[in-house]
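File shown: input.cif. Contents: mmCIF, C-alpha atoms.
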data_data
loop_
_atom_site.label_atom_id
_atom_site.label_comp_id
_atom_site.auth_asym_id
_atom_site.auth_seq_id
_atom_site.Cartn_x
_atom_site.Cartn_y
_atom_site.Cartn_z
CA MET A 1 6.74 16.53 22.20
CA ALA A 2 4.20 15.06 19.84
CA GLU A 3 4.76 11.34 19.36
CA GLN A 4 4.78 11.66 15.62
CA LEU A 5 6.52 14.03 13.25
CA GLU A 6 4.23 16.16 11.12
CA PRO A 7 5.76 14.98 7.79
CA ILE A 8 5.24 11.35 8.87
CA SER A 9 1.62 12.09 9.83
CA ARG A 10 1.00 13.78 6.51
CA MET A 11 2.46 10.83 4.56
CA GLN A 12 0.33 8.47 6.67
CA GLN A 13 -2.81 10.53 6.07
CA GLN A 14 -2.30 10.58 2.30
CA LEU A 15 -1.35 6.90 2.03
CA ALA A 16 -4.38 5.87 4.12
CA LYS A 17 -6.62 7.31 1.38
CA LEU A 18 -5.53 4.52 -0.96
CA PRO A 19 -7.90 1.55 -1.19
CA GLY A 20 -6.98 -1.35 1.06
CA ILE A 21 -4.39 0.68 2.99
CA GLY A 22 -5.48 1.15 6.59
CA SER A 23 -4.11 3.64 9.06
CA LYS A 24 -1.53 1.21 10.54
CA THR A 25 -0.23 0.07 7.15
CA ALA A 26 -0.03 3.71 6.06
CA LEU A 27 2.10 4.52 9.12
CA ARG A 28 4.39 1.57 8.43
CA LEU A 29 4.80 2.73 4.83
CA ALA A 30 5.42 6.34 5.94
CA TYR A 31 8.26 5.25 8.24
CA HIS A 32 9.67 3.09 5.47
CA ILE A 33 9.58 5.95 2.96
CA ALA A 34 11.20 8.32 5.47
CA SER A 35 14.11 5.87 5.77
CA GLN A 36 14.68 5.47 2.02
CA PRO A 37 17.32 7.40 0.03
CA GLU A 38 15.98 10.73 -1.26
CA ASN A 39 16.35 9.80 -4.93
CA GLN A 40 14.23 6.67 -4.49
CA VAL A 41 11.42 8.66 -2.89
CA ARG A 42 11.72 11.24 -5.66
CA GLU A 43 11.28 8.47 -8.25
CA LEU A 44 8.21 7.13 -6.44
CA ALA A 45 6.59 10.57 -6.12
CA ALA A 46 7.44 11.42 -9.74
CA ALA A 47 6.01 8.13 -11.03
CA LEU A 48 2.72 8.86 -9.26
CA TRP A 49 2.36 12.52 -10.17
CA GLN A 50 3.79 12.42 -13.69
CA GLY A 51 1.94 9.17 -14.35
CA ARG A 52 -1.35 10.72 -13.31
CA LYS A 53 -0.69 13.80 -15.48
CA ALA A 54 0.14 11.65 -18.52
CA ILE A 55 -3.08 9.65 -18.32
CA SER A 56 -6.46 10.86 -19.55
CA TYR A 57 -9.64 9.19 -20.73
CA CYS A 58 -10.14 8.29 -24.41
CA SER A 59 -12.90 10.57 -25.70
CA ILE A 60 -14.42 7.66 -27.63
CA CYS A 61 -14.25 4.53 -25.45
CA GLY A 62 -13.49 6.05 -22.02
CA ASN A 63 -10.43 3.89 -21.41
CA PHE A 64 -7.23 5.27 -19.88
CA THR A 65 -4.91 6.53 -22.58
CA VAL A 66 -1.85 8.69 -23.14
CA SER A 67 -3.06 9.77 -26.61
CA ASP A 68 -6.62 10.61 -27.64
CA PRO A 69 -8.25 8.65 -29.24
CA CYS A 70 -6.64 5.60 -27.67
CA PRO A 71 -4.68 3.03 -29.72
CA ILE A 72 -7.64 0.64 -29.81
CA CYS A 73 -10.12 3.28 -31.03
CA SER A 74 -7.52 4.51 -33.57
CA ASN A 75 -7.06 1.03 -35.00
CA PRO A 76 -9.43 0.54 -37.96
CA GLU A 77 -9.07 -3.26 -37.68
CA ARG A 78 -10.83 -3.15 -34.33
CA HIS A 79 -13.89 -1.40 -35.76
CA ASN A 80 -15.69 -4.67 -36.50
CA GLY A 81 -19.15 -3.69 -35.30
CA ILE A 82 -18.68 -5.25 -31.86
CA LEU A 83 -18.35 -3.34 -28.60
CA CYS A 84 -17.46 -4.86 -25.26
CA VAL A 85 -18.92 -2.86 -22.36
CA VAL A 86 -16.87 -2.94 -19.14
CA LYS A 87 -16.89 -1.15 -15.82
CA ASP A 88 -13.40 0.35 -15.78
CA PRO A 89 -9.98 0.43 -17.48
CA ARG A 90 -8.68 -2.53 -15.45
CA ASP A 91 -11.28 -4.71 -17.17
CA VAL A 92 -10.01 -3.63 -20.60
CA ALA A 93 -6.49 -4.65 -19.53
CA ALA A 94 -7.84 -8.05 -18.42
CA MET A 95 -9.64 -8.54 -21.75
CA GLU A 96 -6.55 -7.53 -23.73
CA ARG A 97 -4.37 -9.97 -21.79
CA MET A 98 -6.62 -12.70 -23.19
CA HIS A 99 -5.57 -11.81 -26.79
CA GLU A 100 -8.82 -13.29 -28.13
CA TYR A 101 -11.08 -10.28 -28.47
CA HIS A 102 -10.59 -8.07 -31.49
CA GLY A 103 -13.51 -5.62 -31.31
CA GLY A 104 -13.82 -2.24 -29.59
CA TYR A 105 -14.53 -1.32 -25.99
CA HIS A 106 -16.83 0.98 -24.15
CA VAL A 107 -15.71 1.78 -20.61
CA LEU A 108 -18.55 2.90 -18.33
CA ASN A 109 -16.15 4.24 -15.69
CA GLY A 110 -18.62 3.33 -13.01
CA ILE A 111 -21.50 1.02 -12.26
CA ILE A 112 -25.13 1.69 -11.38
CA SER A 113 -25.31 1.55 -7.60
CA PRO A 114 -28.29 3.23 -5.91
CA MET A 115 -26.68 2.52 -2.52
CA ASP A 116 -23.78 4.78 -3.47
CA GLY A 117 -26.04 7.28 -5.24
CA ILE A 118 -24.74 6.34 -8.69
CA GLY A 119 -27.47 6.30 -11.33
CA PRO A 120 -27.49 5.62 -15.08
CA ASP A 121 -26.67 9.27 -15.86
CA ASP A 122 -23.50 9.11 -13.79
CA ILE A 123 -21.83 6.49 -15.99
CA ARG A 124 -21.12 6.54 -19.73
CA ILE A 125 -24.39 5.03 -21.00
CA ARG A 126 -25.46 8.08 -23.05
CA GLU A 127 -22.10 7.89 -24.90
CA LEU A 128 -22.68 4.18 -25.58
CA LEU A 129 -26.05 4.88 -27.24
CA ASP A 130 -24.45 7.59 -29.41
CA ARG A 131 -21.68 5.23 -30.52
CA ILE A 132 -24.08 2.44 -31.48
CA GLU A 133 -25.69 4.66 -34.12
CA LYS A 134 -22.54 6.46 -35.22
CA GLU A 135 -20.30 3.38 -35.47
CA GLN A 136 -23.00 1.02 -36.82
CA ILE A 137 -22.53 -1.42 -33.97
CA LYS A 138 -24.13 -4.85 -34.52
CA GLU A 139 -23.30 -6.52 -31.19
CA VAL A 140 -22.79 -5.23 -27.68
CA ILE A 141 -21.16 -7.66 -25.22
CA LEU A 142 -22.03 -6.72 -21.65
CA ALA A 143 -18.97 -7.68 -19.63
CA THR A 144 -19.73 -6.03 -16.30
CA ASN A 145 -18.92 -8.11 -13.21
CA PRO A 146 -21.30 -10.90 -12.17
CA ASP A 147 -22.19 -9.12 -8.93
CA ILE A 148 -25.35 -7.23 -7.94
CA GLU A 149 -24.36 -3.85 -9.40
CA GLY A 150 -22.82 -5.43 -12.51
CA GLU A 151 -25.95 -7.48 -13.20
CA ALA A 152 -28.25 -4.51 -12.61
CA THR A 153 -26.18 -2.33 -14.93
CA ALA A 154 -26.12 -5.03 -17.62
CA ASN A 155 -29.89 -5.47 -17.36
CA TYR A 156 -30.47 -1.73 -17.55
CA ILE A 157 -28.30 -1.35 -20.66
CA ALA A 158 -29.80 -4.45 -22.33
CA HIS A 159 -33.26 -2.98 -21.81
CA LEU A 160 -32.20 0.27 -23.55
CA LEU A 161 -30.38 -1.40 -26.45
CA LYS A 162 -32.81 -4.09 -27.52
CA PRO A 163 -35.31 -1.69 -29.14
CA MET A 164 -32.39 -0.31 -31.20
CA GLY A 165 -32.11 -3.62 -33.04
CA VAL A 166 -28.62 -4.40 -31.79
CA LEU A 167 -27.61 -7.88 -30.61
CA VAL A 168 -27.00 -7.72 -26.86
CA THR A 169 -25.01 -10.52 -25.24
CA ARG A 170 -23.78 -11.17 -21.71
CA ILE A 171 -20.52 -12.93 -20.81
CA ALA A 172 -21.08 -16.46 -19.56
CA HIS A 173 -21.18 -17.29 -15.87
CA GLY A 174 -20.05 -20.65 -14.63
CA LEU A 175 -17.18 -22.50 -13.00
CA PRO A 176 -13.77 -20.92 -13.48
CA VAL A 177 -11.35 -23.11 -15.41
CA GLY A 178 -9.47 -25.19 -12.86
CA GLY A 179 -12.29 -24.57 -10.39
CA ASP A 180 -13.68 -27.25 -8.11
CA LEU A 181 -17.35 -28.17 -8.26
CA GLU A 182 -17.37 -29.12 -4.59
CA TYR A 183 -16.27 -25.66 -3.52
CA THR A 184 -18.39 -23.67 -5.97
CA ASP A 185 -21.16 -21.55 -4.45
CA GLU A 186 -24.75 -22.48 -5.27
CA VAL A 187 -25.51 -19.41 -7.37
CA THR A 188 -22.52 -19.98 -9.66
CA LEU A 189 -23.38 -23.66 -9.91
CA ALA A 190 -26.97 -22.82 -10.85
CA ARG A 191 -25.65 -20.46 -13.56
CA ALA A 192 -23.29 -23.15 -14.81
CA ILE A 193 -26.18 -25.62 -15.12
CA SER A 194 -28.62 -23.21 -16.75
CA GLY A 195 -25.89 -22.08 -19.16
CA ARG A 196 -24.91 -25.65 -20.14
CA ARG A 197 -24.04 -26.35 -23.78
CA GLU A 198 -24.19 -29.45 -25.95
CA MET A 199 -20.82 -31.10 -26.44
CA MET B 1 -0.91 -2.70 -28.45
CA ALA B 2 0.72 -3.33 -25.10
CA GLU B 3 -1.85 -4.36 -22.52
CA GLN B 4 -0.68 -1.78 -20.05
CA LEU B 5 0.08 1.92 -20.36
CA GLU B 6 3.65 2.87 -19.61
CA PRO B 7 2.70 5.40 -16.87
CA ILE B 8 0.59 2.71 -15.16
CA SER B 9 3.48 0.23 -15.35
CA ARG B 10 5.87 2.80 -13.92
CA MET B 11 3.52 3.55 -11.00
CA GLN B 12 3.12 -0.19 -10.41
CA GLN B 13 6.88 -0.76 -10.49
CA GLN B 14 7.53 2.01 -7.95
CA LEU B 15 4.66 1.05 -5.63
CA ALA B 16 5.74 -2.61 -5.64
CA LYS B 17 9.02 -1.54 -4.03
CA LEU B 18 7.14 -0.67 -0.83
CA PRO B 19 7.18 -3.33 1.90
CA GLY B 20 4.11 -5.58 1.91
CA ILE B 21 2.90 -4.30 -1.48
CA GLY B 22 3.05 -7.06 -4.07
CA SER B 23 2.86 -6.67 -7.81
CA LYS B 24 -0.93 -7.19 -7.98
CA THR B 25 -1.68 -4.75 -5.17
CA ALA B 26 0.66 -2.24 -6.80
CA LEU B 27 -1.26 -2.54 -10.07
CA ARG B 28 -4.58 -2.07 -8.30
CA LEU B 29 -3.22 1.03 -6.57
CA ALA B 30 -1.80 2.37 -9.86
CA TYR B 31 -5.20 2.11 -11.56
CA HIS B 32 -6.81 3.74 -8.57
CA ILE B 33 -4.35 6.63 -8.59
CA ALA B 34 -4.80 7.12 -12.35
CA SER B 35 -8.54 7.53 -11.77
CA GLN B 36 -8.20 10.10 -8.97
CA PRO B 37 -8.49 13.87 -9.49
CA GLU B 38 -5.13 15.45 -10.36
CA ASN B 39 -4.99 17.61 -7.23
CA GLN B 40 -5.42 14.58 -4.96
CA VAL B 41 -2.54 12.77 -6.65
CA ARG B 42 -0.44 15.95 -6.41
CA GLU B 43 -1.12 16.04 -2.65
CA LEU B 44 -0.09 12.40 -2.27
CA ALA B 45 3.11 12.81 -4.28
CA ALA B 46 3.95 16.06 -2.47
CA ALA B 47 3.38 14.49 0.96
CA LEU B 48 5.81 11.70 0.11
CA TRP B 49 8.52 13.76 -1.52
CA GLN B 50 8.34 16.86 0.69
CA GLY B 51 7.92 14.64 3.74
CA ARG B 52 11.06 12.72 2.89
CA LYS B 53 13.00 15.93 2.27
CA ALA B 54 11.88 17.39 5.62
CA ILE B 55 13.03 14.40 7.63
CA SER B 56 16.62 13.70 8.65
CA TYR B 57 18.30 11.77 11.43
CA CYS B 58 19.12 13.44 14.76
CA SER B 59 22.91 13.66 14.94
CA ILE B 60 22.82 12.65 18.61
CA CYS B 61 20.20 9.90 19.05
CA GLY B 62 19.66 8.84 15.43
CA ASN B 63 15.88 9.27 15.55
CA PHE B 64 13.91 10.88 12.70
CA THR B 65 13.66 14.62 13.19
CA VAL B 66 12.82 17.83 11.36
CA SER B 67 15.31 19.83 13.46
CA ASP B 68 18.75 18.73 14.62
CA PRO B 69 19.21 17.88 17.46
CA CYS B 70 15.73 16.42 17.89
CA PRO B 71 13.27 17.76 20.51
CA ILE B 72 14.06 14.90 22.90
CA CYS B 73 17.84 15.41 22.73
CA SER B 74 17.33 19.20 23.04
CA ASN B 75 15.25 18.79 26.19
CA PRO B 76 17.53 19.06 29.28
CA GLU B 77 14.88 17.34 31.43
CA ARG B 78 15.38 14.16 29.45
CA HIS B 79 19.13 14.06 30.16
CA ASN B 80 18.68 11.94 33.29
CA GLY B 81 21.55 9.51 32.73
CA ILE B 82 19.32 6.83 31.15
CA LEU B 83 19.38 5.82 27.49
CA CYS B 84 16.89 3.48 25.86
CA VAL B 85 18.42 1.65 22.87
CA VAL B 86 15.96 0.76 20.09
CA LYS B 87 16.17 -0.59 16.57
CA ASP B 88 14.45 2.20 14.63
CA PRO B 89 12.39 5.42 14.86
CA ARG B 90 9.08 3.52 15.00
CA ASP B 91 10.17 2.05 18.32
CA VAL B 92 10.80 5.54 19.72
CA ALA B 93 7.25 6.50 18.67
CA ALA B 94 5.90 3.38 20.45
CA MET B 95 7.86 4.23 23.62
CA GLU B 96 6.69 7.84 23.56
CA ARG B 97 3.04 6.80 23.17
CA MET B 98 3.44 5.07 26.54
CA HIS B 99 4.17 8.45 28.25
CA GLU B 100 6.07 6.67 31.03
CA TYR B 101 9.68 6.91 29.92
CA HIS B 102 11.48 10.19 30.54
CA GLY B 103 15.07 9.43 29.60
CA GLY B 104 16.89 9.70 26.28
CA TYR B 105 17.03 7.36 23.30
CA HIS B 106 19.64 5.84 21.11
CA VAL B 107 18.35 4.59 17.78
CA LEU B 108 20.54 1.92 16.19
CA ASN B 109 18.86 2.28 12.78
CA GLY B 110 19.43 -1.38 12.12
CA ILE B 111 20.00 -4.66 13.88
CA ILE B 112 22.89 -7.11 13.78
CA SER B 113 21.91 -9.74 11.22
CA PRO B 114 24.71 -11.85 9.73
CA MET B 115 22.16 -13.41 7.34
CA ASP B 116 21.61 -9.98 5.79
CA GLY B 117 25.28 -9.06 6.01
CA ILE B 118 24.67 -6.46 8.75
CA GLY B 119 27.41 -6.44 11.39
CA PRO B 120 28.02 -4.33 14.51
CA ASP B 121 29.83 -1.65 12.48
CA ASP B 122 26.78 -1.13 10.25
CA ILE B 123 24.54 0.09 13.08
CA ARG B 124 25.04 2.97 15.52
CA ILE B 125 26.93 1.11 18.28
CA ARG B 126 30.11 3.20 18.06
CA GLU B 127 27.98 6.34 18.60
CA LEU B 128 26.36 4.71 21.64
CA LEU B 129 29.76 4.07 23.27
CA ASP B 130 30.77 7.69 22.64
CA ARG B 131 27.56 8.99 24.21
CA ILE B 132 27.94 6.88 27.35
CA GLU B 133 31.19 8.64 28.22
CA LYS B 134 30.20 12.10 26.99
CA GLU B 135 26.74 12.19 28.58
CA GLN B 136 27.67 10.32 31.77
CA ILE B 137 25.09 7.62 31.20
CA LYS B 138 24.36 5.45 34.23
CA GLU B 139 21.83 3.01 32.74
CA VAL B 140 21.28 1.64 29.26
CA ILE B 141 17.95 -0.09 28.65
CA LEU B 142 18.23 -2.49 25.72
CA ALA B 143 14.79 -2.39 24.07
CA THR B 144 15.47 -4.24 20.84
CA ASN B 145 12.79 -6.70 19.77
CA PRO B 146 12.60 -10.10 21.49
CA ASP B 147 13.49 -11.93 18.25
CA ILE B 148 16.73 -13.60 17.18
CA GLU B 149 18.40 -10.48 15.77
CA GLY B 150 17.13 -8.28 18.59
CA GLU B 151 18.42 -10.67 21.26
CA ALA B 152 21.78 -11.08 19.54
CA THR B 153 22.17 -7.32 19.21
CA ALA B 154 21.21 -6.77 22.87
CA ASN B 155 23.71 -9.43 23.98
CA TYR B 156 26.46 -7.92 21.84
CA ILE B 157 25.89 -4.42 23.23
CA ALA B 158 25.59 -5.69 26.84
CA HIS B 159 28.95 -7.44 26.44
CA LEU B 160 30.57 -4.16 25.30
CA LEU B 161 28.98 -1.95 27.95
CA LYS B 162 29.46 -3.98 31.12
CA PRO B 163 33.23 -3.33 31.41
CA MET B 164 32.42 0.41 31.18
CA GLY B 165 30.69 0.24 34.59
CA VAL B 166 27.28 1.18 33.23
CA LEU B 167 24.10 -0.60 34.39
CA VAL B 168 22.74 -2.58 31.43
CA THR B 169 19.11 -3.72 31.54
CA ARG B 170 16.85 -5.55 29.13
CA ILE B 171 13.10 -4.97 28.73
CA ALA B 172 11.04 -7.75 30.32
CA HIS B 173 9.64 -10.59 28.27
CA GLY B 174 6.40 -12.24 29.28
CA LEU B 175 2.70 -12.43 28.58
CA PRO B 176 1.24 -9.34 26.94
CA VAL B 177 -1.38 -7.61 29.09
CA GLY B 178 -4.74 -9.09 28.15
CA GLY B 179 -2.91 -12.13 26.78
CA ASP B 180 -4.08 -15.67 27.28
CA LEU B 181 -1.83 -18.21 29.00
CA GLU B 182 -3.38 -21.07 27.03
CA TYR B 183 -2.41 -19.51 23.71
CA THR B 184 1.03 -18.29 24.72
CA ASP B 185 3.98 -19.98 23.03
CA GLU B 186 6.34 -22.02 25.20
CA VAL B 187 9.32 -19.70 24.85
CA THR B 188 7.34 -16.67 26.02
CA LEU B 189 5.83 -18.69 28.85
CA ALA B 190 9.29 -19.87 29.95
CA ARG B 191 10.46 -16.24 29.95
CA ALA B 192 7.40 -15.21 31.97
CA ILE B 193 8.14 -17.88 34.58
CA SER B 194 11.88 -17.20 34.83
CA GLY B 195 11.15 -13.47 35.10
CA ARG B 196 8.50 -13.90 37.85
CA ARG B 197 8.39 -11.29 40.61
CA GLU B 198 7.23 -11.40 44.22
CA MET B 199 3.82 -9.81 44.73
#
Could you take the file, read its structure, and then write that structure out as structure tokens?
Amino acid sequence: MAEQLEPISRMQQQLAKLPGIGSKTALRLAYHIASQPENQVRELAAALWQGRKAISYCSICGNFTVSDPCPICSNPERHNGILCVVKDPRDVAAMERMHEYHGGYHVLNGIISPMDGIGPDDIRIRELLDRIEKEQIKEVILATNPDIEGEATANYIAHLLKPMGVLVTRIAHGLPVGGDLEYTDEVTLARAISGRREM
Amino acid sequence: MAEQLEPISRMQQQLAKLPGIGSKTALRLAYHIASQPENQVRELAAALWQGRKAISYCSICGNFTVSDPCPICSNPERHNGILCVVKDPRDVAAMERMHEYHGGYHVLNGIISPMDGIGPDDIRIRELLDRIEKEQIKEVILATNPDIEGEATANYIAHLLKPMGVLVTRIAHGLPVGGDLEYTDEVTLARAISGRREM
């Protein structure tokens, strides 16, 4: 006989497509799921499939939403002429957890990455330019990650926006709060020094 | 607005029930799944739910199977009077990958663990005793894990079986092949010495 049941192999194969789940972890999860009560597995499968069906992208900002436009874009109080540009919906959730930002968002749903064949036309930059005119945006905060792709994407967008007369800002880089100077990498430390402010 | 969409939270909640998947990993997976094409998520959900529905326990050995009795129990060549007792279906898969064992199995589907409130009556020991008489078993190989619960369970079963006149054996403990004596823990090393064989 085959060492592994076909339904187990199929679960393993599908689970191994998830990010950070290798083939061995997927097999462990498949065996676990096979041993769970049917109704629990039904709930898991339903949460994934029905959840995916319920979620779409906001036609304005590109964030995940269950209603279009999303609650943030539908809220007139958040149309204050400021847009925060982020890579993906997780970043919007992180910003919202902060409870300090009250403007709008623009989710790129991707990042410029020539290595992965992703260029400016593959992410929502065109839509950003349209919104700046239509929504009379005065400031665009570029909040892409401080990594190579995030910096390149921020630079590319800044280059496009400046001639439009809009204020373009970049989130600050420096030591995380609670961070330790001794264990901070040189590049972050250099950014923290060059970005120093008068107290 | 709430920082997180209800469908995302529900995915997160369900995924976090899986072993080794914490709340943060579950959230990361939920966002990933929300961003995947609908048909891919349908395939994942279907693999889990249909997979679970297809799998049941063999009424004889207790292993996972899609047909009852399972292919091993249905194979007359494997009725050779030897039963290998393991904790769960994953252990059967490990044994079968070895391609060296040609007897039958008995899957306990659990292990005696007073800490977790699991006693002898909660695992398939009663069924094992029945099979020994019915199938004229001559040897029972106790292949539970070499940890506290596995040892205790093996000792408990050995104690029950010996008066029945059946040969009871325990898998050998020692250095794993390719292992390094220097880095072997003392308990394993002691087992390797006490289990030494003439060459």
- How many Å separate CA of Met11 (chain A) from CA of Ile55 (chain A)?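 So the answer is 23.6 Å.
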- Residue contacts of Leu175 (chain B) (8 Å, only C-alpha atoms) excluding same-chain residues fewer than 6 positions away, as a PyMOL selection string: chain B and resi 181+184+188-189+192
- Query: Near chain A, which residues of chain B fall within 6 Å when you count all atoms listed in the file, and what do they look like as a PyMOL selection string?
  - Reply: chain B and resi 3+7+11+14+34+42+44-45+47-49+51-52+93+96
Counting only C-alpha atoms, which residues of region 25-61 of chain B fall within 12 Å of region 131-150 of chain B, and what is the closest atom pair for each with its distance in Å at one decimal, ordered by chain and rising number, as a Markdown table?
| residue | atom | partner | partner_atom | distance |
| --- | --- | --- | --- | --- |
| B:Ser59 | CA | B:Arg131 | CA | 11.4 |
| B:Ile60 | CA | B:Arg131 | CA | 8.2 |
| B:Cys61 | CA | B:Arg131 | CA | 9.0 |
- Item | Counting only C-alpha atoms, the residue of B:Arg191, B:His106, B:His79, B:Lys162 that sits nearest Cys58 (chain B) |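 Closest residue, counting only C-alpha atoms: B:His106.
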- Task: May I ask for the distance between CA of Cys84 (chain A) and CA of Gly174 (chain A), given in Å to one decimal place?
- Result: 19.2 Å
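If all atoms listed in the file are the atoms counted, then among A:Val187, A:Val168, A:Ile111, A:Leu128 the closest residue to Ala152 (chain A) is A:Ile111.
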- Task: Have a look at CA of Leu167 (chain B) and CA of Arg78 (chain B) and let me know their distance in Å, one decimal.
- Result: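 Separation of CA of Leu167 (chain B) and CA of Arg78 (chain B): 17.8 Å.
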- Note on the structure: Leu129 (chain A) proximity check over A:Ala190, A:Ala154, A:Leu108, A:Leu160, using only C-alpha atoms: winner is A:Leu160
